[in-house]
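Take a look at the structure below.
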Amino acid sequence: MSTATQDTRTAPAPPPSGSSPLEGFTHSLRSEATKLRTVRGWLVGLGVAAVLLVLLAALDASGSHVQCGGPPAPKGSAGSGGAGRTPRSDEGCGGSSALPTGPGGDAVVDRAYLVDQTLSGNGSITARVTSLAGLLPEDADGPEPWAKAGLIVKAGTTPGSSYAAVMVTGAHGVRLQDDFTNDVAGSAGAVSSASPRWLRLTRSGDRVTGYESADGTRWTELGHADLTGLGTTATVGLFVASPPHDETSYQFGGVSSDGGPSLARGGFDHVGLAGGWSGDTWRGELLGGADDGPAAAHGPGAGFQQSAGGFTVTGYGDIAPAVGGLTGGIERHLVGTFAALLAAIVVGAMFGTSEYRRRLVRLTFAATPRRGQVLAAKAVVLAGVTFLVGAVGTVAALWVGHRLEGSRAVALPTSTWVEVRVVAGTAAMLALAGVLALAAGTILRRSATAVALAISLVVLPYLLAVAVVLPIGAGEWLLRVTPAAAFAVQQTLPPYHQVLAAYVPPLGYYPLPWWGGFAVLCAWTAGALALATVVVRRRDA
Amino acid sequence: MTAALHAEWTKLRTVAEVRWWLLAAAVLTAGLSAVAVAATHAAPRGGPDQDLDLTKLTLTGVHLGQLVVVLVAVTVMSGEYGTRMIQSTLTAVPRRWAVLAAKAAVVTALVSAAGAAGVLGSVLAGRAILARNGFATADGLRLPALTEGPTIRAAAGTVLYLVLVALLSLGVATMMREAAVAAGSVLALLYAFPLMVSAVSDPDWQRHLRQIGPMTAGLSIQATVGLDGLAIGPWPGLGVLGLWAAGALLAGVALLCLRDA
């Protein structure tokens, strides 16, 4: 047998049926497909993967209740000795309270206190911000990091309508933001009466330009926004917002989040209109409609006072994209992915090793002396079948989870492209994990060892990172370098630096973008296949 | 029974892989523990007020150790089916339950030894690294003494945990026969509960899942602080894992006796 191997390496014999290498590969494909098809246990194993996806989706949908209204809070699992969560005040269940949708189609939060006028045509508004203070929570030192006080030009007061705003923030300096997702940084530093900030917004058609100044004479342009849907008239004025206070802490074994309402007060003076805009009386209103807000339980609520020198505006809420992580994205129905991965790994390892046990491999290599070709055919057949079964299972899991959850869910909208990416990405992750186990099985020739190795690479890092067994930093590192990085294909909601939230793996935010995480798995699988090809060529069968 | 024990011991002793795996179980347990501890610095995210369970942290390596332990236990049973050795074994020892009992005894002995070595390595490495990371003096985060009751409970309990996981694996392997399927099934059973806990949002579901899961309940033996907040106490939790292992072994014995080999 050993000499036969040597011979095939030095002078590969032509494939028995047909002359071209392509024909030989087709032949290998067909024989591997027959092997996979005729061993019932393997097909059953792949079927189990799909069934587990659906079953765990159903279980998860039954065991989850989603708050209605407001942005879904990160789900807290009170860990060992963990603290309970204080529900946020803007999470009241009030019937139809779906999140508004911004111009880009994303779910958004659109709540702030406005002091505004409806103005037509072009013009500009200028004001000096002299203070931004946090009133709630009571024990906080300073305003929320993303509390905002500034100027806004908005298509209207309908939640989700297009806008551009220039503002002073609690801890992130001056910002120019538009249409919820865009954010440009201006000068840093906190605002105070000793160091006030001058802000200006100029509208010209659909273009709104933002400026800032330290003294009101030398102005710096921050940038501009080209808004769509800005009519001839726009809502123009001052606004103050303060997103809910949020603290997330990690114990080993769980995440607990603690938060509460917040309230901020901004001081404005030198408010002036120019260009085509001429002043009228200023009116105050709560953007997004009236609700109880934090005022109900805690002292002064949102409102404004006008004095000779200027305005004092008190507000809460945020004008920003909604973040929901695992609670808001469709990936919450795919909790069974790990179980499907285990099934795919078991089938892959057995598909790679069973020929060795039954000595069928000698016959296979005699029929197809190009051993690399046999391995490639096995990988293609396994990957193809696993992908198909995985895609069906993923679609079914999404459908079942959605149906069982029913109207209790506040799902953040996902574009069709992202949904396709999640389905195809999950199916491809299963397929590649199976091929990784196939390669490991070919190298080790022991199915159980191959299974343990593949699981330690693909599933264990995910468990350690997501179930908070490791510190968050170590977990994120694992999700960068191990094949488990591919779980990033399931993340549907992007993190926004301008919204304070815990963007960590336990809450569904992965350290790599989806294509990066998927590439890590591809690299591992390719490396394992290459090693297996080398080993299988060198070794006796 | 003595003869069966001796036979199992000889079989396991002469498989070269087993020696390496047991060594790997110990080394990987200590290694992952050391990495987890090294990744935790004196100011962990979440503030100094969090109940950081340093003893539990130094025993993190059990997650890698149990993977190898599952592999060893599964091989002890499934290896015989792979090579048809099982037919000779059952001819030599016709009382089939005695075969499983002998295997369980041998596995218990070996996993205890490997687990004890791994846990000892974890604790020693963890203490050395933690002390260097400034935990010995950090406010509120005192390194617990090795002789304290909870520390001993966590360390010894982790060894017991590994033994019970091995027995669970042995039972499942007897039922499943095929090594890869058995290993995959055991790990799916172990991993399902912690991952479901992190996925569902209902606190009651989370508590119940923690209480019945072999891994979530069993690993509560590692807790040394905040015991009141645990879904299940340390010893009852290990008991839940014991029930899973006993159930798997009983089902294995039943199938072994009823089924053709």
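Letters A, B, ... go to the chains of the structure tokens in the order shown; residues in each chain start at 1; ligands are counted from 1 in the same order.
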Problem set entry | chain A contacts on chain B, only C-alpha atoms, 7 Å, as a list of chain:residue names | B:Ala36, B:Ala39, B:Thr40, B:Gly46, B:Leu52, B:Leu67, B:Leu71, B:Ala179, B:Ala180, B:Val181, B:Ala183, B:Gly184, B:Ala188, B:Pro194, B:Leu195, B:Ser198, B:Ala199, B:Val200, B:Ser201, B:Asp202, B:Pro203, B:Trp205, B:Gly226, B:Leu227, B:Asp228, B:Gly229, B:Leu230
For this session: Could you tell me, as number ranges by chain, which residues of segment 313-436 of chain A DSSP assigns to strand (DSSP E) when given the backbone?
Result: A: 313-315, 319-321
Problem set entry | For Gly82 of chain B, the nearest of the candidates B:Lys11, B:His6, B:Arg210, B:Arg177, counting only C-alpha atoms |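 The closest residue to Gly82 of chain B is B:Arg177.
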For this session: Write out as a ChimeraX atom specification all residues of segment 18-261 of chain B that backbone DSSP assigns to helix (DSSP H, G or I).
Result: /B:18-38,54-58,62-82,85-92,96-132,149-176,179-199,203-212,214-222,227-229,234-258
Seminar exercise, completed: One decimal place gives the atom CA of Gly267 of chain A-atom CA of Gly210 of chain A separation as 19.4 Å
Mind checking which residues fall within 6 Å of segment 362-376 of chain A, counting only C-alpha atoms, ignoring those fewer than 3 positions away in the same chain, and posting them as an mmCIF file with all heavy atoms, in the first residue's frame?
data_model
loop_
_atom_site.group_PDB
_atom_site.id
_atom_site.type_symbol
_atom_site.label_atom_id
_atom_site.label_comp_id
_atom_site.auth_asym_id
_atom_site.auth_seq_id
_atom_site.Cartn_x
_atom_site.Cartn_y
_atom_site.Cartn_z
ATOM 1 N N ARG A 359 -12.689 0.737 6.270
ATOM 2 C CA ARG A 359 -11.663 0.440 5.253
ATOM 3 C C ARG A 359 -12.160 0.729 3.842
ATOM 4 O O ARG A 359 -11.530 0.363 2.865
ATOM 5 C CB ARG A 359 -11.204 -1.027 5.320
ATOM 6 C CG ARG A 359 -10.698 -1.421 6.679
ATOM 7 C CD ARG A 359 -9.252 -1.020 6.867
ATOM 8 N NE ARG A 359 -8.763 -1.423 8.179
ATOM 9 C CZ ARG A 359 -8.547 -0.573 9.162
ATOM 10 N NH1 ARG A 359 -8.796 0.714 9.007
ATOM 11 N NH2 ARG A 359 -8.078 -0.993 10.318
ATOM 12 N N ALA A 379 -15.973 17.517 0.674
ATOM 13 C CA ALA A 379 -16.250 18.836 1.247
ATOM 14 C C ALA A 379 -17.381 19.529 0.492
ATOM 15 O O ALA A 379 -18.290 20.107 1.098
ATOM 16 C CB ALA A 379 -14.989 19.699 1.226
ATOM 17 N N THR A 533 -5.550 17.824 3.184
ATOM 18 C CA THR A 533 -5.127 17.383 1.857
ATOM 19 C C THR A 533 -3.677 16.910 1.892
ATOM 20 O O THR A 533 -3.346 15.842 1.353
ATOM 21 C CB THR A 533 -5.272 18.543 0.852
ATOM 22 O OG1 THR A 533 -6.578 19.084 0.993
ATOM 23 C CG2 THR A 533 -5.064 18.068 -0.561
#
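Take atom CA of Val123 of chain B and atom CA of Ala109 of chain B: the distance between them is 21.1 Å.
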For this session: Identify, on the basis of only C-alpha atoms, every residue whose closest approach to Ile221 of chain B does not exceed 8 Å; exclude the query and any residue fewer than 5 positions from it along the same chain; express the result as a ChimeraX atom specification.
Result: /B:153-154,157-158,233-235,237-238
Problem set entry | Residue with smallest distance to Leu5 of chain B - pool B:Gly79, B:Ala102, B:Ala25, B:Val70, counting only C-alpha atoms | B:Ala102
